[in-house]
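Asks: This structure is in structure tokens; I'll ask about it shortly.
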Amino acid sequence: METWFSLLVTLFFTVAIYLLLSKSVIRILLGVAILGNAVNLLIFTGGRLTRDVPPVIAEGADTLGGPAANALPQALILTAIVISFSFFAFLLVLAWRAYEDLATDNTDEMRVAEPVSEPAPPLGY
């Protein structure tokens with residue numbers, strides 16, 4: 001099962017990088033969201049995918065009796081989901097405000113700081 005999740009993580013990373021290299025702000029935002037999901041799935045896969053008993057030590061024992069599910073990656077993923085959702089919401093509002101002010105979502109047309117009357121900078125040296 002870890003093999004399938006590893007392939008899914010690879011697919012998520014590939015799609016995220018493809019979307020991040022786009023010129024559209026909405027595609028970039030979707031790439032950031034998919035990248036966050038890929039990292040969460042990577043952490044989850046690294047924490048072993050087993051249906052074992054919960055990591056609770058029985059009364060009178062010093063250690064676990066057998067293999068147990070690792071709770072740390074699950075806790076990290078829950079925290080990461082909340083943080084990535086709030087970050088995505090912030091970026092979505094930022095993109096909406098940029099679209100309202102500039103009337104475009106193309107990153108090549110969002111060059112407000114560069115004056116229009118001056119020639120473009122050199123592309124290489």
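Here's how to read the names in the structure tokens: chain A, B, ... by the order shown, residue numbers from 1 in each chain, ligand numbers from 1 in the order shown.
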Excluding Leu30 in chain A and its own-chain neighbours fewer than 2 positions away, which residues fall within 12 Å of it when counting only C-alpha atoms? Please give them as a PyMOL selection string.
Replies: chain A and resi 12+15-22+24-28+32-37+84-85+88-89+91-92+95
Asks: Name all residues at most 12 Å from Arg111 in chain A (count only C-alpha atoms; drop same-chain ones fewer than 4 positions away) and give them as an mmCIF file with all heavy atoms, in the first residue's frame.
Replies:
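Ended up saving to result.cif:
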data_model
loop_
_atom_site.group_PDB
_atom_site.id
_atom_site.type_symbol
_atom_site.label_atom_id
_atom_site.label_comp_id
_atom_site.auth_asym_id
_atom_site.auth_seq_id
_atom_site.Cartn_x
_atom_site.Cartn_y
_atom_site.Cartn_z
ATOM 1 N N ALA A 98 -5.917 41.526 -5.874
ATOM 2 C CA ALA A 98 -5.052 41.862 -7.006
ATOM 3 C C ALA A 98 -5.850 41.872 -8.301
ATOM 4 O O ALA A 98 -5.643 42.737 -9.164
ATOM 5 C CB ALA A 98 -3.896 40.876 -7.099
ATOM 6 N N LEU A 102 -6.101 45.186 -10.564
ATOM 7 C CA LEU A 102 -5.363 45.139 -11.823
ATOM 8 C C LEU A 102 -6.184 44.624 -12.999
ATOM 9 O O LEU A 102 -5.741 44.722 -14.141
ATOM 10 C CB LEU A 102 -4.117 44.267 -11.652
ATOM 11 C CG LEU A 102 -3.162 44.707 -10.546
ATOM 12 C CD1 LEU A 102 -2.063 43.689 -10.365
ATOM 13 C CD2 LEU A 102 -2.592 46.071 -10.848
ATOM 14 N N THR A 104 -6.717 41.654 -14.044
ATOM 15 C CA THR A 104 -6.113 40.529 -14.742
ATOM 16 C C THR A 104 -5.607 39.516 -13.723
ATOM 17 O O THR A 104 -5.331 39.863 -12.571
ATOM 18 C CB THR A 104 -4.953 40.983 -15.645
ATOM 19 O OG1 THR A 104 -4.470 39.866 -16.373
ATOM 20 C CG2 THR A 104 -3.819 41.598 -14.850
ATOM 21 N N ASP A 105 -5.506 38.260 -14.161
ATOM 22 C CA ASP A 105 -4.880 37.255 -13.295
ATOM 23 C C ASP A 105 -3.619 36.690 -13.931
ATOM 24 O O ASP A 105 -3.062 35.718 -13.444
ATOM 25 C CB ASP A 105 -5.864 36.134 -12.951
ATOM 26 C CG ASP A 105 -6.151 35.228 -14.123
ATOM 27 O OD1 ASP A 105 -5.966 35.664 -15.271
ATOM 28 O OD2 ASP A 105 -6.568 34.081 -13.881
ATOM 29 N N ASN A 106 -3.173 37.313 -14.992
ATOM 30 C CA ASN A 106 -1.933 36.917 -15.661
ATOM 31 C C ASN A 106 -0.765 37.604 -14.957
ATOM 32 O O ASN A 106 -0.741 38.826 -14.830
ATOM 33 C CB ASN A 106 -1.978 37.309 -17.139
ATOM 34 C CG ASN A 106 -0.835 36.723 -17.917
ATOM 35 O OD1 ASN A 106 0.131 36.211 -17.354
ATOM 36 N ND2 ASN A 106 -0.942 36.784 -19.225
ATOM 37 N N THR A 107 0.217 36.836 -14.535
ATOM 38 C CA THR A 107 1.320 37.421 -13.782
ATOM 39 C C THR A 107 2.220 38.302 -14.645
ATOM 40 O O THR A 107 2.904 39.177 -14.122
ATOM 41 C CB THR A 107 2.170 36.313 -13.125
ATOM 42 O OG1 THR A 107 2.608 35.394 -14.130
ATOM 43 C CG2 THR A 107 1.367 35.576 -12.078
ATOM 44 N N PRO A 115 7.475 51.016 -14.785
ATOM 45 C CA PRO A 115 6.828 52.045 -15.591
ATOM 46 C C PRO A 115 6.639 51.589 -17.037
ATOM 47 O O PRO A 115 7.468 50.878 -17.600
ATOM 48 C CB PRO A 115 7.774 53.239 -15.515
ATOM 49 C CG PRO A 115 8.993 52.775 -14.825
ATOM 50 C CD PRO A 115 8.761 51.408 -14.286
ATOM 51 N N VAL A 116 5.535 52.018 -17.623
ATOM 52 C CA VAL A 116 5.205 51.606 -18.990
ATOM 53 C C VAL A 116 6.033 52.370 -20.008
ATOM 54 O O VAL A 116 6.398 51.843 -21.058
ATOM 55 C CB VAL A 116 3.700 51.820 -19.245
ATOM 56 C CG1 VAL A 116 3.329 51.434 -20.665
ATOM 57 C CG2 VAL A 116 2.883 51.048 -18.244
ATOM 58 N N ALA A 120 11.886 47.918 -21.623
ATOM 59 C CA ALA A 120 12.000 46.738 -20.756
ATOM 60 C C ALA A 120 13.470 46.489 -20.405
ATOM 61 O O ALA A 120 14.369 46.810 -21.180
ATOM 62 C CB ALA A 120 11.422 45.521 -21.474
#
Asks: Of the candidates A:Ser6, A:Leu11, A:Lys23, A:Gly124, which shows the shortest atom-to-atom distance to Glu109 in chain A, using only C-alpha atoms?
Replies: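 For Glu109 in chain A, the nearest of the given residues is A:Lys23.
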Asks: Tell me which of A:Leu29, A:Met110, A:Leu123, A:Leu76 sits closest to Phe44 in chain A, counting only C-alpha atoms.
Replies: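 Smallest distance to Phe44 in chain A is found for A:Leu76.
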Asks: Extract the full set of helix (DSSP H, G or I) residues from chain A according to DSSP on the backbone, and format it as an MDAnalysis selection string.
Replies: chainID A and resid 2:20 25:46 71:102 107:109
Asks: Hey, can you spit out that residue selection with C-alpha atoms as a JSON list (two decimals), in the first residue's frame?
Replies:
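Okay, this is what ended up in result.json:
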[["chain", "number", "residue", "atom", "x", "y", "z"],
["A", 2, "GLU", "CA", 2.92, 2.33, 0.65],
["A", 3, "THR", "CA", 3.93, 1.91, -3.00],
["A", 4, "TRP", "CA", 0.59, 3.23, -4.24],
["A", 5, "PHE", "CA", 0.73, 6.16, -1.83],
["A", 6, "SER", "CA", 4.28, 6.91, -2.96],
["A", 7, "LEU", "CA", 3.11, 7.01, -6.57],
["A", 8, "LEU", "CA", 0.21, 9.25, -5.57],
["A", 9, "VAL", "CA", 2.60, 11.61, -3.76],
["A", 10, "THR", "CA", 4.77, 11.73, -6.90],
["A", 11, "LEU", "CA", 1.72, 12.53, -9.01],
["A", 12, "PHE", "CA", 0.64, 15.28, -6.59],
["A", 13, "PHE", "CA", 4.11, 16.84, -6.61],
["A", 14, "THR", "CA", 4.24, 16.69, -10.42],
["A", 15, "VAL", "CA", 0.85, 18.35, -10.84],
["A", 16, "ALA", "CA", 1.67, 20.97, -8.19],
["A", 17, "ILE", "CA", 4.95, 21.96, -9.82],
["A", 18, "TYR", "CA", 3.25, 22.13, -13.23],
["A", 19, "LEU", "CA", 0.57, 24.44, -11.84],
["A", 20, "LEU", "CA", 3.08, 26.58, -9.93],
["A", 25, "VAL", "CA", -2.73, 33.26, -10.42],
["A", 26, "ILE", "CA", -5.61, 30.82, -9.91],
["A", 27, "ARG", "CA", -3.51, 27.94, -11.23],
["A", 28, "ILE", "CA", -0.67, 28.99, -8.96],
["A", 29, "LEU", "CA", -3.04, 28.94, -5.98],
["A", 30, "LEU", "CA", -4.28, 25.48, -6.91],
["A", 31, "GLY", "CA", -0.65, 24.38, -7.21],
["A", 32, "VAL", "CA", 0.05, 25.62, -3.69],
["A", 33, "ALA", "CA", -2.98, 23.72, -2.35],
["A", 34, "ILE", "CA", -2.00, 20.50, -4.12],
["A", 35, "LEU", "CA", 1.59, 20.91, -2.94],
["A", 36, "GLY", "CA", 0.34, 21.13, 0.66],
["A", 37, "ASN", "CA", -1.70, 17.97, 0.17],
["A", 38, "ALA", "CA", 1.31, 16.20, -1.33],
["A", 39, "VAL", "CA", 3.47, 17.07, 1.66],
["A", 40, "ASN", "CA", 0.74, 15.92, 4.06],
["A", 41, "LEU", "CA", 0.41, 12.63, 2.22],
["A", 42, "LEU", "CA", 4.20, 12.23, 2.21],
["A", 43, "ILE", "CA", 4.33, 12.66, 6.00],
["A", 44, "PHE", "CA", 1.40, 10.27, 6.41],
["A", 45, "THR", "CA", 3.08, 7.65, 4.22],
["A", 46, "GLY", "CA", 6.35, 8.06, 6.11],
["A", 71, "ALA", "CA", 0.34, 9.00, 16.27],
["A", 72, "LEU", "CA", 2.95, 11.72, 15.65],
["A", 73, "PRO", "CA", 2.57, 11.95, 11.84],
["A", 74, "GLN", "CA", -1.19, 12.05, 12.22],
["A", 75, "ALA", "CA", -0.98, 14.94, 14.68],
["A", 76, "LEU", "CA", 1.47, 16.79, 12.44],
["A", 77, "ILE", "CA", -0.84, 16.34, 9.45],
["A", 78, "LEU", "CA", -3.87, 17.66, 11.33],
["A", 79, "THR", "CA", -1.90, 20.77, 12.25],
["A", 80, "ALA", "CA", -0.60, 21.15, 8.70],
["A", 81, "ILE", "CA", -4.11, 20.88, 7.26],
["A", 82, "VAL", "CA", -5.32, 23.77, 9.40],
["A", 83, "ILE", "CA", -2.30, 25.91, 8.56],
["A", 84, "SER", "CA", -2.45, 25.16, 4.83],
["A", 85, "PHE", "CA", -6.19, 25.94, 4.72],
["A", 86, "SER", "CA", -5.68, 29.32, 6.39],
["A", 87, "PHE", "CA", -2.71, 30.06, 4.11],
["A", 88, "PHE", "CA", -4.78, 29.14, 1.04],
["A", 89, "ALA", "CA", -7.64, 31.37, 2.23],
["A", 90, "PHE", "CA", -5.21, 34.27, 2.68],
["A", 91, "LEU", "CA", -3.72, 33.74, -0.79],
["A", 92, "LEU", "CA", -7.19, 33.50, -2.31],
["A", 93, "VAL", "CA", -8.19, 36.85, -0.81],
["A", 94, "LEU", "CA", -4.88, 38.36, -1.91],
["A", 95, "ALA", "CA", -5.42, 37.11, -5.46],
["A", 96, "TRP", "CA", -8.98, 38.45, -5.48],
["A", 97, "ARG", "CA", -7.79, 41.90, -4.37],
["A", 98, "ALA", "CA", -5.05, 41.86, -7.01],
["A", 99, "TYR", "CA", -7.61, 40.91, -9.65],
["A", 100, "GLU", "CA", -9.94, 43.73, -8.53],
["A", 101, "ASP", "CA", -7.16, 46.32, -8.68],
["A", 102, "LEU", "CA", -5.36, 45.14, -11.82],
["A", 107, "THR", "CA", 1.32, 37.42, -13.78],
["A", 108, "ASP", "CA", 3.04, 38.94, -16.82],
["A", 109, "GLU", "CA", 0.47, 41.74, -16.87]]
